[in-house]
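Novice: Just so it is clear, I am handing over my_file.txt, which has compact mmCIF, C-alpha atoms and all ligand atoms.
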```txt
# COMPACT_ATOMS: atom_id res chain seq x y z
CA MET A 1 62.64 -64.63 18.33
CA LEU A 2 59.06 -65.04 17.26
CA ARG A 3 56.33 -66.94 18.86
CA GLN A 4 53.39 -67.33 16.55
CA HIS A 5 50.65 -68.79 18.62
CA LEU A 6 47.48 -70.10 17.10
CA PRO A 7 44.29 -71.26 18.75
CA LEU A 8 43.80 -74.89 19.77
CA PHE A 9 41.22 -76.82 17.85
CA SER A 10 37.67 -77.01 19.08
CA SER A 11 36.17 -80.45 19.61
CA SER A 12 34.60 -80.42 16.16
CA SER A 13 37.89 -79.77 14.44
CA TYR A 14 39.82 -83.00 14.80
CA SER A 15 39.26 -84.05 11.18
CA PRO A 16 42.16 -84.14 8.74
CA ILE A 17 40.18 -82.00 6.34
CA TYR A 18 39.69 -79.30 8.95
CA MET A 19 43.36 -79.49 9.74
CA ALA A 20 44.39 -79.30 6.11
CA LEU A 21 42.11 -76.33 5.55
CA SER A 22 42.95 -74.52 8.75
CA ARG A 23 44.42 -71.10 8.34
CA LEU A 24 47.08 -69.50 10.45
CA THR A 25 44.92 -66.86 11.99
CA ARG A 26 46.72 -65.26 14.87
CA GLN A 27 50.27 -64.31 15.64
CA ASN A 28 51.81 -62.95 18.79
CA SER A 29 55.43 -61.97 18.92
CA HIS A 30 57.41 -62.12 22.10
CA ARG A 31 60.96 -61.40 23.06
CA LEU A 32 62.45 -64.44 24.69
CA PRO A 33 64.99 -64.39 27.52
CA PRO A 34 68.67 -65.12 26.75
CA ALA A 35 69.75 -68.72 26.46
CA SER A 36 70.87 -70.50 29.57
CA THR A 37 74.47 -71.55 29.72
CA LYS A 38 73.85 -74.45 32.07
CA THR A 39 72.66 -77.78 30.80
CA SER A 40 72.51 -79.93 33.91
CA SER A 41 69.40 -80.16 36.02
CA ARG A 42 71.31 -81.41 39.06
CA SER A 43 70.51 -79.70 42.32
CA THR A 44 71.75 -80.00 45.86
CA ILE A 45 70.07 -81.19 49.02
CA MET A 46 68.53 -78.31 50.89
CA SER A 47 67.41 -78.31 54.44
CA SER A 48 64.01 -76.90 55.24
CA SER A 49 64.60 -77.23 58.96
CA SER A 50 65.76 -73.80 60.01
CA PRO A 51 63.06 -72.01 61.99
CA SER A 52 64.79 -68.66 61.53
CA ALA A 53 63.02 -66.04 59.46
CA ALA A 54 66.28 -64.95 57.83
CA SER A 55 67.04 -68.45 56.65
CA VAL A 56 66.51 -68.21 52.92
CA PRO A 57 69.63 -69.97 51.63
CA PHE A 58 69.68 -68.50 48.14
CA GLU A 59 71.88 -65.79 46.70
CA SER A 60 69.02 -64.58 44.55
CA PRO A 61 65.69 -66.02 45.67
CA ARG A 62 63.12 -66.26 42.92
CA LYS A 63 60.10 -64.01 43.30
CA VAL A 64 56.63 -64.38 41.86
CA VAL A 65 56.52 -62.08 38.83
CA LYS A 66 53.09 -63.04 37.55
CA LYS A 67 50.06 -64.66 39.12
CA VAL A 68 47.23 -66.03 37.00
CA LEU A 69 43.97 -67.61 38.19
CA SER A 70 42.99 -70.43 35.83
CA LEU A 71 39.28 -70.45 35.06
CA SER A 72 37.38 -73.47 33.79
CA GLN A 73 36.75 -73.83 30.06
CA SER A 74 35.51 -76.62 27.78
CA GLU A 75 37.98 -78.72 25.83
CA GLY A 76 37.98 -82.00 23.92
CA ASP A 77 34.63 -83.78 24.09
CA GLY A 78 32.75 -82.65 27.20
CA ALA A 79 35.91 -82.19 29.25
CA THR A 80 36.68 -79.21 31.46
CA VAL A 81 40.15 -77.72 31.81
CA ARG A 82 41.65 -74.91 33.83
CA ARG A 83 44.32 -73.70 31.42
CA SER A 84 47.11 -71.57 32.81
CA ILE A 85 50.10 -71.78 30.50
CA GLY A 86 48.86 -71.65 26.91
CA GLY A 87 45.89 -69.49 27.88
CA HIS A 88 45.50 -65.84 26.97
CA GLU A 89 47.24 -64.46 30.03
CA LEU A 90 50.24 -66.77 29.88
CA ARG A 91 51.07 -67.64 26.29
CA ASN A 92 54.78 -67.84 26.61
CA LEU A 93 56.88 -69.69 29.17
CA ASP A 94 59.57 -71.36 27.07
CA PRO A 95 59.91 -74.40 26.94
CA PHE A 96 56.39 -74.91 28.33
CA LEU A 97 53.46 -74.66 25.94
CA LEU A 98 50.44 -75.60 28.01
CA LEU A 99 49.31 -76.58 31.49
CA ASP A 100 45.77 -77.88 31.92
CA GLU A 101 44.18 -79.04 35.15
CA PHE A 102 41.55 -81.35 33.66
CA SER A 103 38.28 -82.72 35.07
CA VAL A 104 36.49 -85.32 32.97
CA SER A 105 33.66 -87.80 33.47
CA LYS A 106 32.42 -90.48 31.08
CA PRO A 107 31.37 -90.31 28.32
CA GLY A 108 33.54 -87.21 27.82
CA GLY A 109 37.25 -87.23 27.10
CA PHE A 110 39.80 -86.44 24.44
CA PRO A 111 38.98 -88.61 21.40
CA ASP A 112 41.38 -89.42 18.55
CA HIS A 113 43.76 -86.53 17.84
CA PRO A 114 47.35 -86.07 16.61
CA HIS A 115 50.44 -84.43 18.13
CA ARG A 116 53.76 -83.43 16.59
CA GLY A 117 56.78 -81.53 17.83
CA PHE A 118 56.49 -81.65 21.63
CA GLU A 119 55.91 -83.81 24.72
CA THR A 120 52.77 -84.28 26.81
CA VAL A 121 53.12 -85.17 30.49
CA THR A 122 49.92 -86.45 32.09
CA TYR A 123 49.87 -86.67 35.89
CA MET A 124 46.77 -88.22 37.44
CA LEU A 125 45.48 -86.54 40.61
CA HIS A 126 42.35 -88.65 40.94
CA GLY A 127 40.79 -91.50 39.00
CA ALA A 128 41.97 -93.27 35.86
CA PHE A 129 42.54 -92.47 32.20
CA THR A 130 43.01 -94.90 29.31
CA HIS A 131 45.14 -93.93 26.34
CA GLN A 132 45.21 -95.78 23.03
CA ASP A 133 47.44 -94.90 20.14
CA PHE A 134 47.71 -95.65 16.43
CA SER A 135 50.48 -98.19 16.91
CA GLY A 136 48.23 -100.38 19.03
CA ARG A 137 49.60 -99.23 22.34
CA LYS A 138 47.02 -99.10 25.11
CA GLY A 139 47.28 -98.43 28.83
CA THR A 140 45.61 -96.95 31.85
CA ILE A 141 47.13 -94.48 34.28
CA ARG A 142 45.65 -94.08 37.77
CA THR A 143 45.93 -91.72 40.73
CA GLY A 144 49.58 -90.73 41.17
CA ASP A 145 50.79 -92.28 37.88
CA VAL A 146 52.62 -90.33 35.17
CA GLN A 147 52.67 -90.79 31.43
CA TRP A 148 55.53 -88.86 29.81
CA MET A 149 54.84 -89.00 26.07
CA THR A 150 57.36 -87.68 23.57
CA ALA A 151 55.22 -87.22 20.47
CA GLY A 152 58.19 -86.31 18.29
CA ARG A 153 57.32 -86.75 14.59
CA GLY A 154 53.85 -87.98 15.35
CA ILE A 155 51.39 -89.70 17.63
CA VAL A 156 47.67 -90.11 17.08
CA HIS A 157 45.83 -91.18 20.21
CA SER A 158 42.76 -90.96 22.42
CA GLU A 159 42.73 -90.13 26.12
CA MET A 160 39.51 -91.19 27.83
CA PRO A 161 38.20 -91.73 31.41
CA ALA A 162 38.58 -95.33 32.59
CA SER A 163 36.31 -95.31 35.64
CA ASN A 164 33.13 -93.74 36.85
CA GLY A 165 32.98 -90.36 38.55
CA VAL A 166 35.24 -87.45 37.83
CA GLN A 167 38.83 -88.04 36.73
CA LYS A 168 41.29 -85.27 37.54
CA GLY A 169 44.85 -84.56 36.57
CA LEU A 170 47.39 -82.20 35.10
CA GLN A 171 48.63 -82.21 31.54
CA LEU A 172 51.82 -80.28 30.80
CA TRP A 173 53.15 -79.76 27.27
CA ILE A 174 56.91 -79.33 26.89
CA ASN A 175 58.31 -78.10 23.61
CA LEU A 176 61.04 -80.03 21.80
CA ALA A 177 64.13 -78.38 20.31
CA SER A 178 64.15 -78.04 16.55
CA LYS A 179 66.62 -80.95 16.30
CA ASP A 180 64.27 -83.21 18.32
CA LYS A 181 60.90 -82.38 16.79
CA MET A 182 60.96 -85.24 14.31
CA ILE A 183 62.38 -87.96 16.60
CA GLU A 184 60.68 -91.32 17.01
CA PRO A 185 57.80 -91.19 19.50
CA ARG A 186 58.58 -92.55 22.94
CA TYR A 187 56.71 -93.21 26.17
CA GLN A 188 57.97 -93.17 29.74
CA GLU A 189 55.36 -94.41 32.15
CA LEU A 190 55.73 -94.33 35.92
CA LYS A 191 53.35 -96.08 38.26
CA SER A 192 52.62 -94.14 41.44
CA LYS A 193 54.66 -96.56 43.57
CA ASP A 194 57.68 -96.10 41.31
CA ILE A 195 57.76 -92.32 41.57
CA SER A 196 60.70 -91.20 43.68
CA GLN A 197 59.58 -89.63 46.94
CA ALA A 198 61.31 -87.83 49.75
CA GLU A 199 60.08 -86.27 52.97
CA LYS A 200 61.70 -83.79 55.29
CA HIS A 201 60.46 -81.57 58.12
CA GLY A 202 56.82 -81.69 57.09
CA VAL A 203 57.44 -81.40 53.35
CA LYS A 204 56.77 -84.35 51.07
CA VAL A 205 57.88 -84.33 47.47
CA ARG A 206 57.09 -86.66 44.58
CA ILE A 207 59.79 -86.21 41.96
CA ILE A 208 58.40 -86.58 38.46
CA ALA A 209 61.52 -85.16 36.77
CA GLY A 210 64.77 -83.78 38.09
CA GLU A 211 66.01 -83.86 41.65
CA ALA A 212 64.84 -82.73 45.09
CA PHE A 213 66.07 -83.53 48.63
CA GLY A 214 68.92 -85.50 47.02
CA VAL A 215 66.55 -87.88 45.22
CA ARG A 216 66.43 -88.12 41.44
CA SER A 217 63.71 -89.18 39.03
CA PRO A 218 64.54 -91.83 36.41
CA VAL A 219 62.65 -89.89 33.73
CA TYR A 220 64.75 -88.74 30.78
CA THR A 221 63.90 -85.18 29.79
CA ARG A 222 64.95 -84.46 26.23
CA THR A 223 64.26 -80.81 26.90
CA PRO A 224 65.93 -80.36 30.32
CA THR A 225 63.05 -80.10 32.80
CA MET A 226 62.31 -80.41 36.51
CA TYR A 227 58.81 -81.29 37.66
CA MET A 228 57.84 -81.90 41.31
CA ASP A 229 54.68 -82.38 43.36
CA PHE A 230 55.09 -80.90 46.87
CA THR A 231 52.77 -81.38 49.85
CA MET A 232 53.52 -79.13 52.83
CA GLN A 233 52.17 -79.56 56.35
CA PRO A 234 50.87 -76.49 58.19
CA GLY A 235 53.84 -74.54 59.60
CA SER A 236 56.42 -76.06 57.27
CA GLN A 237 58.80 -74.28 54.92
CA LEU A 238 60.71 -75.30 51.82
CA HIS A 239 63.81 -74.04 50.03
CA GLN A 240 64.17 -75.69 46.64
CA PRO A 241 67.08 -74.86 44.32
CA ILE A 242 66.21 -74.18 40.69
CA LEU A 243 68.89 -73.76 38.04
CA GLU A 244 69.50 -70.14 37.10
CA GLY A 245 68.45 -69.36 33.57
CA TRP A 246 65.60 -71.86 33.60
CA ASN A 247 62.03 -70.63 33.37
CA ALA A 248 59.94 -71.81 36.31
CA PHE A 249 56.37 -71.79 37.57
CA VAL A 250 54.22 -73.11 40.39
CA TYR A 251 50.67 -74.39 40.03
CA ILE A 252 48.71 -74.68 43.28
CA ILE A 253 46.53 -77.79 43.51
CA GLU A 254 45.20 -77.39 47.05
CA GLY A 255 45.44 -75.02 50.01
CA GLU A 256 47.37 -71.79 50.20
CA GLY A 257 50.94 -70.69 50.71
CA VAL A 258 53.44 -67.86 50.60
CA PHE A 259 55.82 -68.16 47.64
CA GLY A 260 59.05 -66.28 47.03
CA ARG A 261 59.30 -63.70 49.83
CA GLU A 262 58.19 -64.20 53.41
CA GLY A 263 56.18 -61.00 53.47
CA ASP A 264 54.18 -61.73 50.33
CA VAL A 265 50.46 -62.43 50.38
CA ALA A 266 49.45 -66.07 50.22
CA ALA A 267 48.34 -67.57 46.91
CA SER A 268 45.62 -70.21 46.69
CA ALA A 269 44.44 -73.17 44.60
CA HIS A 270 44.18 -72.94 40.78
CA HIS A 271 46.67 -70.07 40.60
CA CYS A 272 49.72 -70.32 38.39
CA LEU A 273 52.71 -68.36 39.67
CA VAL A 274 55.48 -67.48 37.24
CA LEU A 275 58.83 -67.18 38.98
CA GLY A 276 61.43 -64.56 38.14
CA ALA A 277 65.17 -65.07 37.80
CA GLY A 278 67.17 -66.56 40.64
CA ASP A 279 68.66 -69.72 42.07
CA GLY A 280 65.85 -71.13 44.20
CA LEU A 281 62.32 -70.93 45.52
CA SER A 282 61.24 -70.56 49.15
CA VAL A 283 57.73 -71.47 50.26
CA TRP A 284 55.96 -71.12 53.61
CA ASN A 285 52.73 -72.81 54.63
CA ARG A 286 51.37 -70.57 57.37
CA SER A 287 47.84 -71.87 56.99
CA GLY A 288 46.13 -74.52 59.09
CA ALA A 289 45.69 -76.91 56.15
CA LEU A 290 47.81 -78.88 53.69
CA LEU A 291 49.38 -76.99 50.81
CA ARG A 292 49.90 -78.97 47.60
CA PHE A 293 51.46 -77.60 44.42
CA VAL A 294 53.59 -78.60 41.47
CA LEU A 295 56.82 -76.81 40.65
CA ALA A 296 58.18 -77.06 37.11
CA ALA A 297 61.24 -75.49 35.53
CA GLY A 298 62.80 -75.92 32.13
CA GLN A 299 65.75 -74.75 30.09
CA PRO A 300 64.45 -72.28 27.52
CA LEU A 301 64.90 -73.35 23.90
CA ASN A 302 65.01 -69.79 22.52
CA GLU A 303 63.68 -70.94 19.16
CA PRO A 304 60.72 -69.71 17.14
CA VAL A 305 57.44 -71.37 18.14
CA VAL A 306 54.72 -71.76 15.53
CA GLN A 307 51.70 -73.59 16.87
CA GLN A 308 48.67 -74.80 15.01
CA GLY A 309 46.52 -76.59 17.54
CA LEU A 310 48.18 -79.90 18.25
CA PHE A 311 51.23 -79.35 16.04
CA VAL A 312 54.08 -77.21 17.38
CA MET A 313 56.95 -76.47 14.99
CA ASN A 314 59.46 -73.71 14.21
CA SER A 315 58.01 -72.30 10.97
CA ARG A 316 54.75 -72.01 9.05
CA ALA A 317 56.20 -74.23 6.34
CA GLN A 318 56.77 -76.98 8.91
CA ILE A 319 53.17 -76.59 10.11
CA GLN A 320 51.91 -76.94 6.54
CA GLN A 321 54.11 -80.01 6.23
CA ALA A 322 52.68 -81.47 9.46
CA MET A 323 49.10 -80.97 8.26
CA GLN A 324 49.89 -82.61 4.93
CA ASP A 325 51.76 -85.48 6.59
CA TYR A 326 48.77 -86.11 8.85
CA TYR A 327 46.30 -85.84 5.98
CA TYR A 328 48.24 -88.09 3.61
CA GLY A 329 49.67 -90.42 6.27
CA ARG A 330 53.37 -89.69 5.82
CA ASN A 331 56.54 -88.99 7.83
CA GLY A 332 55.39 -90.68 11.02
CA PHE A 333 51.63 -90.54 10.40
CA GLU A 334 51.58 -93.69 8.22
CA LYS A 335 49.32 -95.53 10.67
CA ALA A 336 46.95 -92.60 11.08
CA SER A 337 44.58 -93.24 8.20
CA GLN A 338 43.55 -96.83 9.01
CA TRP A 339 43.37 -96.34 12.76
CA SER A 340 40.63 -95.29 15.12
CA SER A 341 40.40 -96.01 18.84
CA ALA A 342 38.25 -98.96 19.92
C1 LIG B 401 41.88 -81.46 22.78
C2 LIG B 401 43.45 -79.34 22.13
C3 LIG B 401 43.88 -80.26 23.06
N1 LIG B 401 44.11 -80.67 27.53
N2 LIG B 401 44.42 -82.37 29.20
C4 LIG B 401 42.24 -79.47 21.51
F1 LIG B 401 45.05 -80.10 23.63
C5 LIG B 401 43.11 -81.35 23.41
C6 LIG B 401 43.58 -82.35 24.39
C7 LIG B 401 43.85 -81.95 25.76
C8 LIG B 401 44.06 -82.79 26.87
C9 LIG B 401 44.11 -84.15 27.08
C10 LIG B 401 44.31 -84.57 28.37
CL1 LIG B 401 44.33 -86.26 28.74
C11 LIG B 401 44.46 -83.69 29.41
C12 LIG B 401 44.22 -81.93 27.96
C13 LIG B 401 43.89 -80.66 26.23
O1 LIG B 401 43.69 -83.52 24.06
F2 LIG B 401 41.10 -82.47 23.09
C14 LIG B 401 41.44 -80.52 21.83
N3 LIG B 401 40.21 -80.63 21.25
FE FE B 402 46.77 -85.89 23.42
```
How would this structure read if it were set down as structure tokens?
Specialist:
Amino acid sequence: MLRQHLPLFSSSSYSPIYMALSRLTRQNSHRLPPASTKTSSRSTIMSSSSPSAASVPFESPRKVVKKVLSLSQSEGDGATVRRSIGGHELRNLDPFLLLDEFSVSKPGGFPDHPHRGFETVTYMLHGAFTHQDFSGRKGTIRTGDVQWMTAGRGIVHSEMPASNGVQKGLQLWINLASKDKMIEPRYQELKSKDISQAEKHGVKVRIIAGEAFGVRSPVYTRTPTMYMDFTMQPGSQLHQPILEGWNAFVYIIEGEGVFGREGDVAASAHHCLVLGAGDGLSVWNRSGALLRFVLAAGQPLNEPVVQQGLFVMNSRAQIQQAMQDYYYGRNGFEKASQWSSA
């Protein structure tokens, strides 16, 4: 399988002309892991109560196989992102394409730009963001809210700060299978109060997608995905099942913790930890402060990935098609030419 990965656009390169003229400039090939045989993302309730050191309840606990510190870089219009997945050190974590921890203040943001072929999941950590799209849809997400946007065949939108001060959040891009790349766009929006939560023995979880502690999220994941936000009290431990065959990672938002094996060194904020094969993740917070992190896992698609900035398809020909469709306003981009955000 090939992954041909091309650079994201710079802020000056949103224009259709740039996109039409863009050249495919860089290609990286990767071998992908074998396809998973499981399709369900169901998991069982795990107890995190056992104080015993030998209490890891998994047959094959997942270990951290790669640890990447995400450094700040500029993106969009005056925005700052810490990019882990999708950056140079972590190009490939099928089905995930990108994870940005973003920090943006007015008048910066992410002005009008297109997407095709994948989903964007925006999770607000602090502040508020307004999105507007080319079909007239407009909305604001605030601290704790999630916007799960399936771009499918095409969305053109803007994502801009909605209040003063710095707005912070995470944006995760999830690839769509070849058969789903040209589906109708769809939004799933969850207000903070509607996000399923569970708490047990000093561990709180907000379930954005999938299931933890016996509680399930209502979000439909076209590419099977789990996505959780865990907050662990000092001294607590967690044992979270993750389907075998799925690729999984942790991104630490705050504090520090021991992930995978009890004897490992603690990892701290802004690190992305790629997990190896296995059936679950164990975490220990041995620090004196809160530990907060997201855990995401997804069923690998095992399909070729050809990315040109904000279009992610399976072949160069499909990328050319996407650029033409956007330029000429076809195949889902009909509303693109007359529209600009207010
Ligand atoms: C962008 C590529 C992009 N990270 N985090 C190029 F992906 C973007 C872009 C974002 C983005 C938006 C939000 Cl709300 C959060 C993000 C990249 O939109 F602006 C450029 N120029
Ligand atoms: Fe976007």
Novice: Using all atoms listed in the file and a cutoff of 9 Å, can you tell me which residues are near (63.6, -89.0, 40.8) in the file's coordinates, and write them out as a VMD selection string?
Specialist: chain A and resid 195 to 197 206 to 212 214 to 219
Novice: Hey, could you pull the box centre and edge lengths for ligand LIG 401 (chain B), axis-aligned, 6 Å padding per side, all listed atoms, to one decimal in Å, as lines of an AutoDock Vina configuration file?
Specialist:
```
center_x = 42.6
center_y = -82.8
center_z = 25.3
size_x = 16.8
size_y = 18.9
size_z = 20.2
```
Novice: Once you count all atoms listed in the file, which residues end up within 10 Å of ligand LIG 401 (chain B), and could you hand them over as a PyMOL selection string?
Specialist: chain A and resi 7-14+74-83+86+98-104+109-115+120-124+129-131+147+157-161+167-173+308-311
Novice: When distances are computed from all atoms listed in the file, which of A:Ile183, A:Leu301, A:Leu281, A:Ala266 shows the smallest separation from Pro57 (chain A)?
Specialist: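 Counting all atoms listed in the file, the residue closest to Pro57 (chain A) is A:Leu281.
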Novice: So that I can see what lies close to Gly329 (chain A), please list as a list in words the residues with an atom at most 12 Å from it, counting all atoms listed in the file and leaving out residues fewer than 6 positions away in the same chain.
Specialist: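 Those residues are Pro16, Pro114, Phe134, Arg153, Gly154, Ile155, Val156, Gln321, Ala322, Met323, Lys335, Ala336, Ser337, Gln338 and Trp339 of chain A.
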Novice: For the residues selected in the previous step, produce a file with C-alpha atoms as a compact mmCIF listing (two decimals), in the frame of the given file.
Specialist:
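Result file is part_19.txt:
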```txt
# COMPACT_ATOMS: atom_id res chain seq x y z
CA PRO A 16 42.16 -84.14 8.74
CA PRO A 114 47.35 -86.07 16.61
CA PHE A 134 47.71 -95.65 16.43
CA ARG A 153 57.32 -86.75 14.59
CA GLY A 154 53.85 -87.98 15.35
CA ILE A 155 51.39 -89.70 17.63
CA VAL A 156 47.67 -90.11 17.08
CA GLN A 321 54.11 -80.01 6.23
CA ALA A 322 52.68 -81.47 9.46
CA MET A 323 49.10 -80.97 8.26
CA LYS A 335 49.32 -95.53 10.67
CA ALA A 336 46.95 -92.60 11.08
CA SER A 337 44.58 -93.24 8.20
CA GLN A 338 43.55 -96.83 9.01
CA TRP A 339 43.37 -96.34 12.76
```
Novice: With a distance cut-off of 10 Å and only C-alpha atoms, select the neighbouring residues of Ile253 (chain A), excluding the residue or stretch itself and same-chain residues fewer than 6 positions from it, and output the selection as a list of chain:residue names.
Specialist: A:Glu101, A:Leu125, A:Gly169, A:Leu170, A:Asp229, A:Phe230, A:Thr231, A:Ser268, A:Ala269, A:His270, A:His271, A:Cys272, A:Leu291, A:Arg292, A:Phe293, A:Val294
Novice: Separation of CA of Lys200 (chain A) and CA of Leu238 (chain A), in Å?
Specialist: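 About the pair CA of Lys200 (chain A) and CA of Leu238 (chain A): they are 9.2 Å apart.
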Novice: Check the smallest atom-to-atom distance from each of A:Gln132, A:Ser163, A:Val65, A:Val305 to Ser105 (chain A) using all atoms listed in the file, then report the winner.
Specialist: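 Of A:Gln132, A:Ser163, A:Val65, A:Val305, the one nearest Ser105 (chain A) is A:Ser163, counting all atoms listed in the file.
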Novice: Give me, as a VMD selection string, all polymer residues having an atom no more than 12 Å from Ala177 (chain A), counting only C-alpha atoms and skipping those fewer than 6 positions away in the same chain.
Specialist: chain A and resid 94 to 96 117 to 119 150 152 183 221 to 224 299 to 305 312 to 314
Novice: Using C-alpha atoms, can you export the residues from the last selection as a short mmCIF file (atom, residue, chain, number, x, y, z; two decimals), in the frame of the given file?
Specialist:
```
data_model
loop_
_atom_site.label_atom_id
_atom_site.label_comp_id
_atom_site.auth_asym_id
_atom_site.auth_seq_id
_atom_site.Cartn_x
_atom_site.Cartn_y
_atom_site.Cartn_z
CA ASP A 94 59.57 -71.36 27.07
CA PRO A 95 59.91 -74.40 26.94
CA PHE A 96 56.39 -74.91 28.33
CA GLY A 117 56.78 -81.53 17.83
CA PHE A 118 56.49 -81.65 21.63
CA GLU A 119 55.91 -83.81 24.72
CA THR A 150 57.36 -87.68 23.57
CA GLY A 152 58.19 -86.31 18.29
CA ILE A 183 62.38 -87.96 16.60
CA THR A 221 63.90 -85.18 29.79
CA ARG A 222 64.95 -84.46 26.23
CA THR A 223 64.26 -80.81 26.90
CA PRO A 224 65.93 -80.36 30.32
CA GLN A 299 65.75 -74.75 30.09
CA PRO A 300 64.45 -72.28 27.52
CA LEU A 301 64.90 -73.35 23.90
CA ASN A 302 65.01 -69.79 22.52
CA GLU A 303 63.68 -70.94 19.16
CA PRO A 304 60.72 -69.71 17.14
CA VAL A 305 57.44 -71.37 18.14
CA VAL A 312 54.08 -77.21 17.38
CA MET A 313 56.95 -76.47 14.99
CA ASN A 314 59.46 -73.71 14.21
#
```
Novice: Taking only C-alpha atoms into account, name the residue in A:Val64, A:Ile174, A:Leu97, A:Val274 that is nearest to Gln307 (chain A).
Specialist: A:Leu97
Novice: Separation of CA of Phe213 (chain A) and CA of Leu69 (chain A), in Å?
Specialist: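 Here the two named atoms are 29.2 Å from each other.
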Novice: For Asp264 (chain A), list every protein, DNA or RNA residue within 12 Å, evaluated using only C-alpha atoms, and leave out those in the same chain fewer than 3 positions away; present the list as a CSV table (one decimal) with C-alpha atoms, keeping the file's coordinate frame.
Specialist:
```csv
chain,number,residue,atom,x,y,z
A,63,LYS,CA,60.1,-64.0,43.3
A,64,VAL,CA,56.6,-64.4,41.9
A,65,VAL,CA,56.5,-62.1,38.8
A,257,GLY,CA,50.9,-70.7,50.7
A,258,VAL,CA,53.4,-67.9,50.6
A,259,PHE,CA,55.8,-68.2,47.6
A,260,GLY,CA,59.0,-66.3,47.0
A,261,ARG,CA,59.3,-63.7,49.8
A,267,ALA,CA,48.3,-67.6,46.9
A,282,SER,CA,61.2,-70.6,49.2
A,283,VAL,CA,57.7,-71.5,50.3
A,284,TRP,CA,56.0,-71.1,53.6
A,285,ASN,CA,52.7,-72.8,54.6
A,286,ARG,CA,51.4,-70.6,57.4
```
Novice: Taking into account only C-alpha atoms and all ligand atoms, which residue in the set A:Arg137, A:Lys204, A:Arg116, A:Arg330 is nearest to ligand FE 402 (chain B)?
Specialist: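 Of all the options, A:Arg116 lies closest to ligand FE 402 (chain B).
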Novice: What separation in Å, quoted to one decimal, exists between CA of Val203 (chain A) and CA of Gln237 (chain A)?
Specialist: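 Straight-line distance from CA of Val203 (chain A) to CA of Gln237 (chain A) works out to 7.4 Å.
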Novice: Check the smallest atom-to-atom distance from each of A:Leu295, A:Leu243, A:Val166, A:Met182 to Met228 (chain A) using all atoms listed in the file, then report the winner.
Specialist: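 Closest candidate: A:Leu295.
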Novice: Between A:Val250, A:Leu71, A:Val56, A:Leu190, which has the minimum distance to Gly144 (chain A) (counting all atoms listed in the file)?
Specialist: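 Nearest to Gly144 (chain A): A:Leu190.
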Novice: For N, CA, C and O atoms, please extract region 129-138 of chain A from the block and return it as a PDB file, in the first residue's frame.
Specialist:
```pdb
ATOM      1  N   PHE A 129     -15.642  28.647  19.080  1.00  0.00           N
ATOM      2  CA  PHE A 129     -15.301  28.732  17.661  1.00  0.00           C
ATOM      3  C   PHE A 129     -16.582  28.754  16.849  1.00  0.00           C
ATOM      4  O   PHE A 129     -17.492  27.963  17.101  1.00  0.00           O
ATOM      5  N   THR A 130     -16.659  29.657  15.860  1.00  0.00           N
ATOM      6  CA  THR A 130     -17.820  29.679  14.968  1.00  0.00           C
ATOM      7  C   THR A 130     -17.430  29.104  13.612  1.00  0.00           C
ATOM      8  O   THR A 130     -16.391  29.469  13.061  1.00  0.00           O
ATOM      9  N   HIS A 131     -18.253  28.198  13.120  1.00  0.00           N
ATOM     10  CA  HIS A 131     -18.039  27.660  11.780  1.00  0.00           C
ATOM     11  C   HIS A 131     -19.198  28.099  10.899  1.00  0.00           C
ATOM     12  O   HIS A 131     -20.342  28.195  11.342  1.00  0.00           O
ATOM     13  N   GLN A 132     -18.862  28.398   9.652  1.00  0.00           N
ATOM     14  CA  GLN A 132     -19.870  28.754   8.647  1.00  0.00           C
ATOM     15  C   GLN A 132     -19.529  27.967   7.411  1.00  0.00           C
ATOM     16  O   GLN A 132     -18.359  27.892   7.040  1.00  0.00           O
ATOM     17  N   ASP A 133     -20.555  27.387   6.759  1.00  0.00           N
ATOM     18  CA  ASP A 133     -20.218  26.676   5.536  1.00  0.00           C
ATOM     19  C   ASP A 133     -21.014  27.165   4.337  1.00  0.00           C
ATOM     20  O   ASP A 133     -21.914  28.003   4.460  1.00  0.00           O
ATOM     21  N   PHE A 134     -20.652  26.653   3.177  1.00  0.00           N
ATOM     22  CA  PHE A 134     -21.173  27.148   1.901  1.00  0.00           C
ATOM     23  C   PHE A 134     -22.628  26.771   1.655  1.00  0.00           C
ATOM     24  O   PHE A 134     -23.203  27.211   0.660  1.00  0.00           O
ATOM     25  N   SER A 135     -23.227  25.987   2.555  1.00  0.00           N
ATOM     26  CA  SER A 135     -24.656  25.737   2.400  1.00  0.00           C
ATOM     27  C   SER A 135     -25.465  26.590   3.363  1.00  0.00           C
ATOM     28  O   SER A 135     -26.664  26.366   3.551  1.00  0.00           O
ATOM     29  N   GLY A 136     -24.807  27.568   3.993  1.00  0.00           N
ATOM     30  CA  GLY A 136     -25.520  28.493   4.859  1.00  0.00           C
ATOM     31  C   GLY A 136     -25.563  28.046   6.306  1.00  0.00           C
ATOM     32  O   GLY A 136     -26.109  28.729   7.167  1.00  0.00           O
ATOM     33  N   ARG A 137     -24.970  26.914   6.578  1.00  0.00           N
ATOM     34  CA  ARG A 137     -24.947  26.420   7.941  1.00  0.00           C
ATOM     35  C   ARG A 137     -23.977  27.260   8.770  1.00  0.00           C
ATOM     36  O   ARG A 137     -22.884  27.592   8.335  1.00  0.00           O
ATOM     37  N   LYS A 138     -24.399  27.575   9.992  1.00  0.00           N
ATOM     38  CA  LYS A 138     -23.551  28.383  10.868  1.00  0.00           C
ATOM     39  C   LYS A 138     -23.773  27.940  12.310  1.00  0.00           C
ATOM     40  O   LYS A 138     -24.912  27.646  12.681  1.00  0.00           O
TER      41      LYS A 138
END
```
